[in-house]
$ cat start_32.cif   # mmCIF, N, CA and C atoms
data_model
loop_
_atom_site.label_atom_id
_atom_site.label_comp_id
_atom_site.auth_asym_id
_atom_site.auth_seq_id
_atom_site.Cartn_x
_atom_site.Cartn_y
_atom_site.Cartn_z
N MET Y 1 13.02 7.50 21.13
CA MET Y 1 11.60 7.28 21.36
C MET Y 1 10.88 7.29 20.01
N PRO Y 2 10.04 6.30 19.75
CA PRO Y 2 9.28 6.28 18.49
C PRO Y 2 8.35 7.49 18.39
N THR Y 3 8.13 7.93 17.16
CA THR Y 3 7.31 9.11 16.92
C THR Y 3 6.17 8.79 15.97
N LEU Y 4 4.96 9.21 16.36
CA LEU Y 4 3.78 9.15 15.50
C LEU Y 4 3.53 10.55 15.00
N LEU Y 5 3.52 10.74 13.70
CA LEU Y 5 3.24 12.02 13.08
C LEU Y 5 1.78 12.05 12.63
N ILE Y 6 1.03 13.00 13.17
CA ILE Y 6 -0.35 13.19 12.75
C ILE Y 6 -0.39 14.39 11.81
N VAL Y 7 -0.70 14.13 10.54
CA VAL Y 7 -0.81 15.17 9.53
C VAL Y 7 -2.29 15.36 9.25
N HIS Y 8 -2.78 16.57 9.44
CA HIS Y 8 -4.23 16.79 9.37
C HIS Y 8 -4.58 18.08 8.67
N HIS Y 9 -5.78 18.10 8.12
CA HIS Y 9 -6.39 19.32 7.62
C HIS Y 9 -7.75 19.39 8.30
N THR Y 10 -7.95 20.40 9.15
CA THR Y 10 -9.15 20.47 9.98
C THR Y 10 -9.89 21.78 9.78
N PRO Y 11 -10.51 21.97 8.61
CA PRO Y 11 -11.17 23.24 8.33
C PRO Y 11 -12.57 23.38 8.92
N SER Y 12 -13.12 22.31 9.49
CA SER Y 12 -14.50 22.37 9.97
C SER Y 12 -14.59 21.83 11.39
N PRO Y 13 -15.67 22.16 12.09
CA PRO Y 13 -15.87 21.60 13.43
C PRO Y 13 -15.92 20.07 13.42
N ASN Y 14 -16.47 19.47 12.36
CA ASN Y 14 -16.53 18.01 12.28
C ASN Y 14 -15.13 17.42 12.18
N CYS Y 15 -14.29 17.97 11.33
CA CYS Y 15 -12.90 17.49 11.21
C CYS Y 15 -12.14 17.73 12.50
N GLN Y 16 -12.39 18.87 13.16
CA GLN Y 16 -11.72 19.18 14.42
C GLN Y 16 -12.08 18.17 15.49
N ALA Y 17 -13.34 17.78 15.57
CA ALA Y 17 -13.77 16.79 16.56
C ALA Y 17 -13.09 15.45 16.31
N MET Y 18 -12.97 15.05 15.05
CA MET Y 18 -12.30 13.79 14.72
C MET Y 18 -10.82 13.87 15.06
N PHE Y 19 -10.18 15.00 14.72
CA PHE Y 19 -8.77 15.20 15.03
C PHE Y 19 -8.54 15.11 16.54
N GLU Y 20 -9.35 15.79 17.32
CA GLU Y 20 -9.19 15.77 18.78
C GLU Y 20 -9.36 14.36 19.34
N ALA Y 21 -10.28 13.59 18.79
CA ALA Y 21 -10.47 12.21 19.26
C ALA Y 21 -9.25 11.35 18.91
N VAL Y 22 -8.70 11.53 17.72
CA VAL Y 22 -7.50 10.79 17.31
C VAL Y 22 -6.33 11.12 18.24
N VAL Y 23 -6.13 12.41 18.51
CA VAL Y 23 -5.04 12.83 19.40
C VAL Y 23 -5.25 12.27 20.80
N SER Y 24 -6.47 12.29 21.27
CA SER Y 24 -6.77 11.76 22.60
C SER Y 24 -6.41 10.28 22.69
N GLY Y 25 -6.74 9.52 21.66
CA GLY Y 25 -6.38 8.10 21.65
C GLY Y 25 -4.88 7.89 21.59
N ALA Y 26 -4.21 8.67 20.75
CA ALA Y 26 -2.76 8.51 20.58
C ALA Y 26 -1.98 8.91 21.82
N THR Y 27 -2.57 9.77 22.65
CA THR Y 27 -1.87 10.24 23.85
C THR Y 27 -2.49 9.70 25.13
N ALA Y 28 -3.28 8.64 25.01
CA ALA Y 28 -3.91 8.03 26.19
C ALA Y 28 -2.84 7.60 27.20
N PRO Y 29 -3.18 7.59 28.48
CA PRO Y 29 -2.19 7.24 29.50
C PRO Y 29 -1.56 5.85 29.30
N GLU Y 30 -2.28 4.96 28.65
CA GLU Y 30 -1.76 3.61 28.43
C GLU Y 30 -0.64 3.59 27.39
N ILE Y 31 -0.56 4.62 26.57
CA ILE Y 31 0.47 4.71 25.54
C ILE Y 31 1.72 5.28 26.19
N GLU Y 32 2.77 4.48 26.21
CA GLU Y 32 4.00 4.90 26.87
C GLU Y 32 5.15 4.97 25.87
N ASN Y 33 6.00 5.95 26.08
CA ASN Y 33 7.23 6.09 25.30
C ASN Y 33 6.99 6.26 23.80
N VAL Y 34 5.94 6.97 23.44
CA VAL Y 34 5.68 7.32 22.04
C VAL Y 34 5.45 8.83 21.99
N GLN Y 35 6.22 9.50 21.19
CA GLN Y 35 6.04 10.93 20.99
C GLN Y 35 5.00 11.14 19.89
N VAL Y 36 4.04 12.00 20.14
CA VAL Y 36 3.02 12.31 19.16
C VAL Y 36 3.24 13.74 18.67
N VAL Y 37 3.49 13.87 17.38
CA VAL Y 37 3.73 15.17 16.75
C VAL Y 37 2.55 15.48 15.85
N ARG Y 38 1.98 16.67 16.02
CA ARG Y 38 0.83 17.09 15.21
C ARG Y 38 1.29 18.19 14.26
N ARG Y 39 0.94 18.02 12.98
CA ARG Y 39 1.28 19.04 11.99
C ARG Y 39 0.11 19.27 11.05
N PRO Y 40 -0.29 20.53 10.87
CA PRO Y 40 -1.25 20.82 9.82
C PRO Y 40 -0.64 20.41 8.47
N ALA Y 41 -1.45 19.92 7.58
CA ALA Y 41 -0.95 19.39 6.31
C ALA Y 41 -0.12 20.41 5.53
N LEU Y 42 -0.48 21.68 5.61
CA LEU Y 42 0.27 22.70 4.87
C LEU Y 42 1.60 23.05 5.53
N ALA Y 43 1.82 22.62 6.76
CA ALA Y 43 3.06 22.91 7.47
C ALA Y 43 3.97 21.69 7.61
N ALA Y 44 3.45 20.51 7.39
CA ALA Y 44 4.26 19.28 7.54
C ALA Y 44 5.31 19.22 6.44
N THR Y 45 6.49 18.74 6.81
CA THR Y 45 7.62 18.70 5.87
C THR Y 45 8.15 17.28 5.69
N ALA Y 46 8.99 17.13 4.69
CA ALA Y 46 9.66 15.85 4.48
C ALA Y 46 10.50 15.50 5.71
N GLY Y 47 11.10 16.48 6.34
CA GLY Y 47 11.85 16.23 7.57
C GLY Y 47 10.98 15.63 8.66
N ASP Y 48 9.75 16.15 8.81
CA ASP Y 48 8.81 15.58 9.79
C ASP Y 48 8.55 14.11 9.49
N VAL Y 49 8.35 13.81 8.22
CA VAL Y 49 8.03 12.43 7.81
C VAL Y 49 9.24 11.52 8.04
N LEU Y 50 10.41 11.99 7.68
CA LEU Y 50 11.62 11.17 7.84
C LEU Y 50 11.93 10.90 9.30
N GLU Y 51 11.59 11.84 10.19
CA GLU Y 51 11.86 11.67 11.62
C GLU Y 51 10.82 10.80 12.32
N ALA Y 52 9.69 10.55 11.70
CA ALA Y 52 8.61 9.79 12.33
C ALA Y 52 8.71 8.30 12.01
N ASP Y 53 8.10 7.51 12.86
CA ASP Y 53 8.09 6.06 12.69
C ASP Y 53 6.75 5.53 12.19
N GLY Y 54 5.72 6.36 12.25
CA GLY Y 54 4.39 6.01 11.78
C GLY Y 54 3.60 7.28 11.53
N TYR Y 55 2.49 7.14 10.80
CA TYR Y 55 1.76 8.31 10.33
C TYR Y 55 0.25 8.12 10.50
N LEU Y 56 -0.41 9.21 10.86
CA LEU Y 56 -1.86 9.23 10.91
C LEU Y 56 -2.30 10.44 10.09
N LEU Y 57 -3.11 10.19 9.09
CA LEU Y 57 -3.51 11.21 8.12
C LEU Y 57 -4.99 11.52 8.26
N GLY Y 58 -5.32 12.81 8.37
CA GLY Y 58 -6.71 13.22 8.49
C GLY Y 58 -7.07 14.28 7.48
N THR Y 59 -8.21 14.11 6.81
CA THR Y 59 -8.62 15.06 5.78
C THR Y 59 -10.13 15.07 5.60
N PRO Y 60 -10.65 16.21 5.15
CA PRO Y 60 -12.02 16.19 4.64
C PRO Y 60 -11.98 15.68 3.20
N ALA Y 61 -13.10 15.21 2.73
CA ALA Y 61 -13.27 14.88 1.32
C ALA Y 61 -13.88 16.11 0.66
N ASN Y 62 -13.13 16.72 -0.23
CA ASN Y 62 -13.56 17.95 -0.89
C ASN Y 62 -13.74 17.70 -2.38
N LEU Y 63 -14.95 17.94 -2.88
CA LEU Y 63 -15.22 17.79 -4.31
C LEU Y 63 -14.78 16.42 -4.82
N GLY Y 64 -15.01 15.39 -4.02
CA GLY Y 64 -14.71 14.03 -4.44
C GLY Y 64 -13.27 13.61 -4.28
N TYR Y 65 -12.44 14.37 -3.55
CA TYR Y 65 -11.03 14.02 -3.40
C TYR Y 65 -10.55 14.46 -2.02
N MET Y 66 -9.34 14.06 -1.64
CA MET Y 66 -8.76 14.54 -0.39
C MET Y 66 -8.59 16.05 -0.49
N SER Y 67 -8.41 16.70 0.64
CA SER Y 67 -8.23 18.14 0.61
C SER Y 67 -6.97 18.52 -0.16
N GLY Y 68 -6.99 19.70 -0.73
CA GLY Y 68 -5.80 20.20 -1.42
C GLY Y 68 -4.61 20.28 -0.49
N ALA Y 69 -4.87 20.56 0.79
CA ALA Y 69 -3.78 20.65 1.77
C ALA Y 69 -3.08 19.30 1.93
N LEU Y 70 -3.84 18.20 2.05
CA LEU Y 70 -3.21 16.89 2.19
C LEU Y 70 -2.52 16.49 0.90
N LYS Y 71 -3.11 16.81 -0.24
CA LYS Y 71 -2.46 16.53 -1.52
C LYS Y 71 -1.15 17.29 -1.64
N HIS Y 72 -1.13 18.55 -1.21
CA HIS Y 72 0.09 19.34 -1.21
C HIS Y 72 1.16 18.68 -0.32
N PHE Y 73 0.74 18.21 0.86
CA PHE Y 73 1.66 17.49 1.74
C PHE Y 73 2.30 16.33 0.99
N PHE Y 74 1.48 15.50 0.37
CA PHE Y 74 2.02 14.35 -0.37
C PHE Y 74 2.94 14.79 -1.50
N ASP Y 75 2.58 15.84 -2.22
CA ASP Y 75 3.42 16.34 -3.30
C ASP Y 75 4.80 16.76 -2.79
N GLN Y 76 4.83 17.35 -1.60
CA GLN Y 76 6.09 17.84 -1.03
C GLN Y 76 6.99 16.72 -0.49
N ILE Y 77 6.39 15.66 0.01
CA ILE Y 77 7.19 14.63 0.69
C ILE Y 77 7.45 13.39 -0.15
N TYR Y 78 6.73 13.23 -1.23
CA TYR Y 78 6.75 11.95 -1.96
C TYR Y 78 8.18 11.51 -2.33
N TYR Y 79 8.86 12.25 -3.14
CA TYR Y 79 10.18 11.81 -3.60
C TYR Y 79 11.24 11.87 -2.50
N PRO Y 80 11.27 12.89 -1.65
CA PRO Y 80 12.28 12.89 -0.59
C PRO Y 80 12.13 11.73 0.40
N CYS Y 81 10.92 11.18 0.52
CA CYS Y 81 10.66 10.14 1.52
C CYS Y 81 10.43 8.76 0.90
N LEU Y 82 10.44 8.68 -0.40
CA LEU Y 82 10.03 7.47 -1.11
C LEU Y 82 10.76 6.22 -0.65
N ASP Y 83 12.06 6.21 -0.67
CA ASP Y 83 12.79 4.99 -0.33
C ASP Y 83 12.96 4.80 1.17
N THR Y 84 13.09 5.87 1.91
CA THR Y 84 13.40 5.79 3.33
C THR Y 84 12.24 5.32 4.20
N THR Y 85 11.01 5.62 3.80
CA THR Y 85 9.86 5.35 4.68
C THR Y 85 9.07 4.10 4.32
N ARG Y 86 9.54 3.34 3.35
CA ARG Y 86 8.82 2.11 2.96
C ARG Y 86 8.60 1.19 4.16
N GLY Y 87 7.39 0.65 4.23
CA GLY Y 87 7.06 -0.30 5.29
C GLY Y 87 6.58 0.32 6.58
N ARG Y 88 6.62 1.63 6.69
CA ARG Y 88 6.17 2.27 7.93
C ARG Y 88 4.65 2.23 8.02
N PRO Y 89 4.12 2.11 9.24
CA PRO Y 89 2.67 2.00 9.43
C PRO Y 89 1.97 3.35 9.30
N PHE Y 90 0.72 3.29 8.84
CA PHE Y 90 -0.09 4.50 8.76
C PHE Y 90 -1.56 4.16 8.97
N GLY Y 91 -2.31 5.18 9.28
CA GLY Y 91 -3.76 5.09 9.40
C GLY Y 91 -4.36 6.37 8.86
N THR Y 92 -5.68 6.34 8.61
CA THR Y 92 -6.35 7.47 7.97
C THR Y 92 -7.74 7.67 8.56
N TYR Y 93 -8.13 8.94 8.67
CA TYR Y 93 -9.53 9.26 8.94
C TYR Y 93 -9.97 10.33 7.95
N VAL Y 94 -11.20 10.18 7.45
CA VAL Y 94 -11.71 11.07 6.41
C VAL Y 94 -13.14 11.48 6.76
N HIS Y 95 -13.42 12.77 6.64
CA HIS Y 95 -14.77 13.27 6.84
C HIS Y 95 -15.32 13.81 5.53
N GLY Y 96 -16.57 13.49 5.24
CA GLY Y 96 -17.22 14.01 4.04
C GLY Y 96 -18.65 14.40 4.31
N GLY Y 97 -19.14 15.29 3.48
CA GLY Y 97 -20.55 15.66 3.58
C GLY Y 97 -21.46 14.56 3.10
N SER Y 98 -21.02 13.85 2.04
CA SER Y 98 -21.87 12.78 1.51
C SER Y 98 -21.08 11.58 1.00
N ASP Y 99 -19.86 11.80 0.49
CA ASP Y 99 -19.12 10.70 -0.11
C ASP Y 99 -17.63 10.90 0.12
N VAL Y 100 -16.93 9.84 0.46
CA VAL Y 100 -15.49 9.92 0.72
C VAL Y 100 -14.69 9.01 -0.21
N THR Y 101 -15.36 8.39 -1.16
CA THR Y 101 -14.73 7.37 -2.01
C THR Y 101 -13.51 7.89 -2.76
N GLY Y 102 -13.61 9.05 -3.39
CA GLY Y 102 -12.49 9.59 -4.15
C GLY Y 102 -11.30 9.93 -3.26
N ALA Y 103 -11.59 10.48 -2.08
CA ALA Y 103 -10.52 10.80 -1.14
C ALA Y 103 -9.78 9.54 -0.71
N LEU Y 104 -10.53 8.50 -0.40
CA LEU Y 104 -9.90 7.23 0.00
C LEU Y 104 -9.07 6.64 -1.12
N ARG Y 105 -9.59 6.69 -2.34
CA ARG Y 105 -8.87 6.16 -3.50
C ARG Y 105 -7.54 6.90 -3.70
N GLY Y 106 -7.56 8.23 -3.58
CA GLY Y 106 -6.35 9.02 -3.74
C GLY Y 106 -5.31 8.72 -2.68
N ILE Y 107 -5.75 8.65 -1.42
CA ILE Y 107 -4.82 8.35 -0.33
C ILE Y 107 -4.25 6.96 -0.49
N GLU Y 108 -5.08 6.00 -0.86
CA GLU Y 108 -4.61 4.62 -1.04
C GLU Y 108 -3.57 4.55 -2.16
N SER Y 109 -3.81 5.25 -3.23
CA SER Y 109 -2.87 5.24 -4.35
C SER Y 109 -1.51 5.80 -3.95
N ILE Y 110 -1.51 6.92 -3.25
CA ILE Y 110 -0.26 7.56 -2.87
C ILE Y 110 0.48 6.75 -1.80
N THR Y 111 -0.23 6.28 -0.79
CA THR Y 111 0.46 5.51 0.26
C THR Y 111 0.96 4.17 -0.27
N THR Y 112 0.27 3.60 -1.23
CA THR Y 112 0.77 2.38 -1.88
C THR Y 112 2.07 2.69 -2.61
N GLY Y 113 2.10 3.80 -3.32
CA GLY Y 113 3.32 4.21 -4.01
C GLY Y 113 4.48 4.44 -3.05
N LEU Y 114 4.19 5.01 -1.89
CA LEU Y 114 5.22 5.23 -0.88
C LEU Y 114 5.66 3.93 -0.21
N GLY Y 115 4.83 2.90 -0.34
CA GLY Y 115 5.14 1.63 0.31
C GLY Y 115 4.80 1.61 1.78
N TRP Y 116 3.90 2.51 2.22
CA TRP Y 116 3.49 2.52 3.62
C TRP Y 116 2.53 1.35 3.86
N ARG Y 117 2.49 0.89 5.10
CA ARG Y 117 1.70 -0.28 5.49
C ARG Y 117 0.51 0.18 6.35
N ARG Y 118 -0.70 -0.13 5.88
CA ARG Y 118 -1.90 0.22 6.66
C ARG Y 118 -1.90 -0.58 7.96
N ALA Y 119 -1.95 0.14 9.08
CA ALA Y 119 -1.87 -0.51 10.39
C ALA Y 119 -3.21 -0.57 11.11
N ALA Y 120 -4.23 0.08 10.54
CA ALA Y 120 -5.56 0.07 11.17
C ALA Y 120 -6.59 0.42 10.10
N ASP Y 121 -7.81 -0.01 10.34
CA ASP Y 121 -8.89 0.32 9.41
C ASP Y 121 -9.11 1.83 9.36
N THR Y 122 -9.42 2.32 8.18
CA THR Y 122 -9.71 3.74 8.00
C THR Y 122 -11.04 4.07 8.67
N VAL Y 123 -11.08 5.24 9.29
CA VAL Y 123 -12.33 5.75 9.85
C VAL Y 123 -12.90 6.76 8.87
N THR Y 124 -14.11 6.50 8.42
CA THR Y 124 -14.80 7.44 7.53
C THR Y 124 -16.10 7.88 8.18
N VAL Y 125 -16.40 9.15 8.02
CA VAL Y 125 -17.62 9.71 8.59
C VAL Y 125 -18.23 10.65 7.56
N THR Y 126 -19.52 10.48 7.32
CA THR Y 126 -20.26 11.46 6.53
C THR Y 126 -21.26 12.12 7.46
N GLY Y 127 -21.36 13.43 7.33
CA GLY Y 127 -22.21 14.17 8.25
C GLY Y 127 -21.49 14.40 9.57
N ALA Y 128 -22.23 14.80 10.57
CA ALA Y 128 -21.64 15.07 11.88
C ALA Y 128 -21.20 13.76 12.53
N PRO Y 129 -19.98 13.73 13.08
CA PRO Y 129 -19.53 12.50 13.76
C PRO Y 129 -20.31 12.30 15.06
N ASP Y 130 -20.88 11.10 15.20
CA ASP Y 130 -21.59 10.77 16.43
C ASP Y 130 -20.60 10.16 17.44
N LYS Y 131 -21.11 9.76 18.58
CA LYS Y 131 -20.26 9.21 19.64
C LYS Y 131 -19.49 7.99 19.15
N ALA Y 132 -20.15 7.11 18.41
CA ALA Y 132 -19.49 5.89 17.92
C ALA Y 132 -18.36 6.24 16.94
N ALA Y 133 -18.57 7.23 16.09
CA ALA Y 133 -17.54 7.64 15.14
C ALA Y 133 -16.34 8.23 15.88
N LEU Y 134 -16.59 9.03 16.90
CA LEU Y 134 -15.49 9.61 17.66
C LEU Y 134 -14.74 8.53 18.45
N GLU Y 135 -15.46 7.51 18.90
CA GLU Y 135 -14.78 6.39 19.57
C GLU Y 135 -13.89 5.64 18.58
N ARG Y 136 -14.34 5.48 17.33
CA ARG Y 136 -13.50 4.84 16.31
C ARG Y 136 -12.25 5.68 16.03
N CYS Y 137 -12.40 7.00 16.05
CA CYS Y 137 -11.24 7.88 15.87
C CYS Y 137 -10.27 7.71 17.04
N TRP Y 138 -10.80 7.66 18.25
CA TRP Y 138 -9.96 7.45 19.43
C TRP Y 138 -9.19 6.13 19.29
N GLU Y 139 -9.89 5.10 18.90
CA GLU Y 139 -9.25 3.78 18.73
C GLU Y 139 -8.19 3.82 17.64
N LEU Y 140 -8.44 4.57 16.57
CA LEU Y 140 -7.45 4.70 15.50
C LEU Y 140 -6.17 5.32 16.04
N GLY Y 141 -6.29 6.42 16.76
CA GLY Y 141 -5.12 7.06 17.35
C GLY Y 141 -4.39 6.13 18.31
N ALA Y 142 -5.15 5.46 19.17
CA ALA Y 142 -4.54 4.55 20.15
C ALA Y 142 -3.85 3.37 19.46
N THR Y 143 -4.46 2.83 18.43
CA THR Y 143 -3.89 1.68 17.72
C THR Y 143 -2.57 2.04 17.04
N LEU Y 144 -2.55 3.18 16.37
CA LEU Y 144 -1.31 3.60 15.69
C LEU Y 144 -0.21 3.85 16.71
N ALA Y 145 -0.52 4.56 17.78
CA ALA Y 145 0.50 4.85 18.79
C ALA Y 145 0.97 3.58 19.51
N ALA Y 146 0.02 2.73 19.89
CA ALA Y 146 0.41 1.50 20.59
C ALA Y 146 1.28 0.61 19.72
N GLY Y 147 1.05 0.63 18.42
CA GLY Y 147 1.87 -0.17 17.52
C GLY Y 147 3.31 0.29 17.46
N LEU Y 148 3.59 1.50 17.93
CA LEU Y 148 4.95 2.02 17.93
C LEU Y 148 5.66 1.84 19.27
N MET Y 149 4.91 1.39 20.29
CA MET Y 149 5.52 1.24 21.62
C MET Y 149 6.63 0.19 21.58
N ASP Y 150 7.68 0.47 22.33
CA ASP Y 150 8.81 -0.48 22.40
C ASP Y 150 8.42 -1.75 23.12
#
$ encode --input "start_32.cif" --output "structure tokens"
Amino acid sequence: MPTLLIVHHTPSPNCQAMFEAVVSGATAPEIENVQVVRRPALAATAGDVLEADGYLLGTPANLGYMSGALKHFFDQIYYPCLDTTRGRPFGTYVHGGSDVTGALRGIESITTGLGWRRAADTVTVTGAPDKAALERCWELGATLAAGLMD
């Protein structure tokens, strides 16, 4: 069964709401035969990445960059997963208080190096996520999971 790995750092209620919407989309009843694995960024391992068929990454933008937790995740998995995971699909959601540009740039640089393929538009939210933002998160989760269906 294909596996979608959701790697997230959810230190705030805003990030938690986005994470829950992503999970809801990825596990919608219409999504069949896809296992969804959730891992906090500080607990996710290279083994988790190697066992998954696609990835969904969630982070706050902290001080102009992705969270240290997501950066730590990338530092731990980069070389062990470099050749094996090329071409696998991924998506991203980022929450920021005012600006997410640096976080997006960092994630793009690392996923390009890994050779991962963006499978859906990134969802970015500044401030509290409204209903439309949470719907975009739901769609992100559903799109990534549906893309893995047999």
$ closest_residue --input "start_32.cif" --among "Y:Thr112, Y:Thr85, Y:Gln76, Y:Thr59" --to "Gly47 (chain Y)" --atoms "all atoms listed in the file"
Y:Gln76
$ residues_around --input "start_32.cif" --residues "Leu50 (chain Y)" --least-positions-apart "5" --cutoff "7 Å" --atoms "only N, CA and C atoms" --output "PyMOL selection string"
chain Y and resi 45+81+84-85
$ write_last_selection --input "start_32.cif" --atoms "N, CA and C atoms" --output "compact mmCIF listing (two decimals), keeping the file's coordinate frame"
# COMPACT_ATOMS: atom_id res chain seq x y z
N THR Y 45 6.49 18.74 6.81
CA THR Y 45 7.62 18.70 5.87
C THR Y 45 8.15 17.28 5.69
N CYS Y 81 10.92 11.18 0.52
CA CYS Y 81 10.66 10.14 1.52
C CYS Y 81 10.43 8.76 0.90
N THR Y 84 13.09 5.87 1.91
CA THR Y 84 13.40 5.79 3.33
C THR Y 84 12.24 5.32 4.20
N THR Y 85 11.01 5.62 3.80
CA THR Y 85 9.86 5.35 4.68
C THR Y 85 9.07 4.10 4.32
$ atom_distance --input "start_32.cif" --atom1 "atom C of Tyr78 (chain Y)" --atom2 "CA of Ala17 (chain Y)"
29.4 Å
$ atom_distance --input "start_32.cif" --atom1 "CA of Asp83 (chain Y)" --atom2 "atom C of Gly115 (chain Y)"
8.9 Å
$ residues_around --input "start_32.cif" --residues "Ile31 (chain Y)" --least-positions-apart "5" --cutoff "8 Å" --atoms "only N, CA and C atoms" --output "VMD selection string"
chain Y and resid 25 to 26 142 145 to 146 149
$ build_atoms --input "start_32.cif" --residues "region 44-62 of chain Y" --atoms "N, CA, C and O atoms" --output "PDB file, keeping the file's coordinate frame"
ATOM      1  N   ALA Y  44       3.450  20.510   7.390  1.00  0.00           N
ATOM      2  CA  ALA Y  44       4.260  19.280   7.540  1.00  0.00           C
ATOM      3  C   ALA Y  44       5.310  19.220   6.440  1.00  0.00           C
ATOM      4  O   ALA Y  44       5.049  19.574   5.291  1.00  0.00           O
ATOM      5  N   THR Y  45       6.490  18.740   6.810  1.00  0.00           N
ATOM      6  CA  THR Y  45       7.620  18.700   5.870  1.00  0.00           C
ATOM      7  C   THR Y  45       8.150  17.280   5.690  1.00  0.00           C
ATOM      8  O   THR Y  45       7.830  16.380   6.470  1.00  0.00           O
ATOM      9  N   ALA Y  46       8.990  17.130   4.690  1.00  0.00           N
ATOM     10  CA  ALA Y  46       9.660  15.850   4.480  1.00  0.00           C
ATOM     11  C   ALA Y  46      10.500  15.500   5.710  1.00  0.00           C
ATOM     12  O   ALA Y  46      10.571  14.323   6.097  1.00  0.00           O
ATOM     13  N   GLY Y  47      11.100  16.480   6.340  1.00  0.00           N
ATOM     14  CA  GLY Y  47      11.850  16.230   7.570  1.00  0.00           C
ATOM     15  C   GLY Y  47      10.980  15.630   8.660  1.00  0.00           C
ATOM     16  O   GLY Y  47      11.399  14.708   9.368  1.00  0.00           O
ATOM     17  N   ASP Y  48       9.750  16.150   8.810  1.00  0.00           N
ATOM     18  CA  ASP Y  48       8.810  15.580   9.790  1.00  0.00           C
ATOM     19  C   ASP Y  48       8.550  14.110   9.490  1.00  0.00           C
ATOM     20  O   ASP Y  48       8.516  13.271  10.397  1.00  0.00           O
ATOM     21  N   VAL Y  49       8.350  13.810   8.220  1.00  0.00           N
ATOM     22  CA  VAL Y  49       8.030  12.430   7.810  1.00  0.00           C
ATOM     23  C   VAL Y  49       9.240  11.520   8.040  1.00  0.00           C
ATOM     24  O   VAL Y  49       9.097  10.409   8.555  1.00  0.00           O
ATOM     25  N   LEU Y  50      10.410  11.990   7.680  1.00  0.00           N
ATOM     26  CA  LEU Y  50      11.620  11.170   7.840  1.00  0.00           C
ATOM     27  C   LEU Y  50      11.930  10.900   9.300  1.00  0.00           C
ATOM     28  O   LEU Y  50      12.449   9.835   9.645  1.00  0.00           O
ATOM     29  N   GLU Y  51      11.590  11.840  10.190  1.00  0.00           N
ATOM     30  CA  GLU Y  51      11.860  11.670  11.620  1.00  0.00           C
ATOM     31  C   GLU Y  51      10.820  10.800  12.320  1.00  0.00           C
ATOM     32  O   GLU Y  51      11.050  10.372  13.451  1.00  0.00           O
ATOM     33  N   ALA Y  52       9.690  10.550  11.700  1.00  0.00           N
ATOM     34  CA  ALA Y  52       8.610   9.790  12.330  1.00  0.00           C
ATOM     35  C   ALA Y  52       8.710   8.300  12.010  1.00  0.00           C
ATOM     36  O   ALA Y  52       9.304   7.904  11.003  1.00  0.00           O
ATOM     37  N   ASP Y  53       8.100   7.510  12.860  1.00  0.00           N
ATOM     38  CA  ASP Y  53       8.090   6.060  12.690  1.00  0.00           C
ATOM     39  C   ASP Y  53       6.750   5.530  12.190  1.00  0.00           C
ATOM     40  O   ASP Y  53       6.645   4.372  11.787  1.00  0.00           O
ATOM     41  N   GLY Y  54       5.720   6.360  12.250  1.00  0.00           N
ATOM     42  CA  GLY Y  54       4.390   6.010  11.780  1.00  0.00           C
ATOM     43  C   GLY Y  54       3.600   7.280  11.530  1.00  0.00           C
ATOM     44  O   GLY Y  54       3.986   8.368  11.989  1.00  0.00           O
ATOM     45  N   TYR Y  55       2.490   7.140  10.800  1.00  0.00           N
ATOM     46  CA  TYR Y  55       1.760   8.310  10.330  1.00  0.00           C
ATOM     47  C   TYR Y  55       0.250   8.120  10.500  1.00  0.00           C
ATOM     48  O   TYR Y  55      -0.271   7.033  10.273  1.00  0.00           O
ATOM     49  N   LEU Y  56      -0.410   9.210  10.860  1.00  0.00           N
ATOM     50  CA  LEU Y  56      -1.860   9.230  10.910  1.00  0.00           C
ATOM     51  C   LEU Y  56      -2.300  10.440  10.090  1.00  0.00           C
ATOM     52  O   LEU Y  56      -1.860  11.553  10.344  1.00  0.00           O
ATOM     53  N   LEU Y  57      -3.110  10.190   9.090  1.00  0.00           N
ATOM     54  CA  LEU Y  57      -3.510  11.210   8.120  1.00  0.00           C
ATOM     55  C   LEU Y  57      -4.990  11.520   8.260  1.00  0.00           C
ATOM     56  O   LEU Y  57      -5.815  10.604   8.266  1.00  0.00           O
ATOM     57  N   GLY Y  58      -5.320  12.810   8.370  1.00  0.00           N
ATOM     58  CA  GLY Y  58      -6.710  13.220   8.490  1.00  0.00           C
ATOM     59  C   GLY Y  58      -7.070  14.280   7.480  1.00  0.00           C
ATOM     60  O   GLY Y  58      -6.315  15.246   7.306  1.00  0.00           O
ATOM     61  N   THR Y  59      -8.210  14.110   6.810  1.00  0.00           N
ATOM     62  CA  THR Y  59      -8.620  15.060   5.780  1.00  0.00           C
ATOM     63  C   THR Y  59     -10.130  15.070   5.600  1.00  0.00           C
ATOM     64  O   THR Y  59     -10.783  14.060   5.822  1.00  0.00           O
ATOM     65  N   PRO Y  60     -10.650  16.210   5.150  1.00  0.00           N
ATOM     66  CA  PRO Y  60     -12.020  16.190   4.640  1.00  0.00           C
ATOM     67  C   PRO Y  60     -11.980  15.680   3.200  1.00  0.00           C
ATOM     68  O   PRO Y  60     -10.940  15.724   2.539  1.00  0.00           O
ATOM     69  N   ALA Y  61     -13.100  15.210   2.730  1.00  0.00           N
ATOM     70  CA  ALA Y  61     -13.270  14.880   1.320  1.00  0.00           C
ATOM     71  C   ALA Y  61     -13.880  16.110   0.660  1.00  0.00           C
ATOM     72  O   ALA Y  61     -14.989  16.517   1.007  1.00  0.00           O
ATOM     73  N   ASN Y  62     -13.130  16.720  -0.230  1.00  0.00           N
ATOM     74  CA  ASN Y  62     -13.560  17.950  -0.890  1.00  0.00           C
ATOM     75  C   ASN Y  62     -13.740  17.700  -2.380  1.00  0.00           C
ATOM     76  O   ASN Y  62     -12.779  17.314  -3.059  1.00  0.00           O
TER      77      ASN Y  62
END
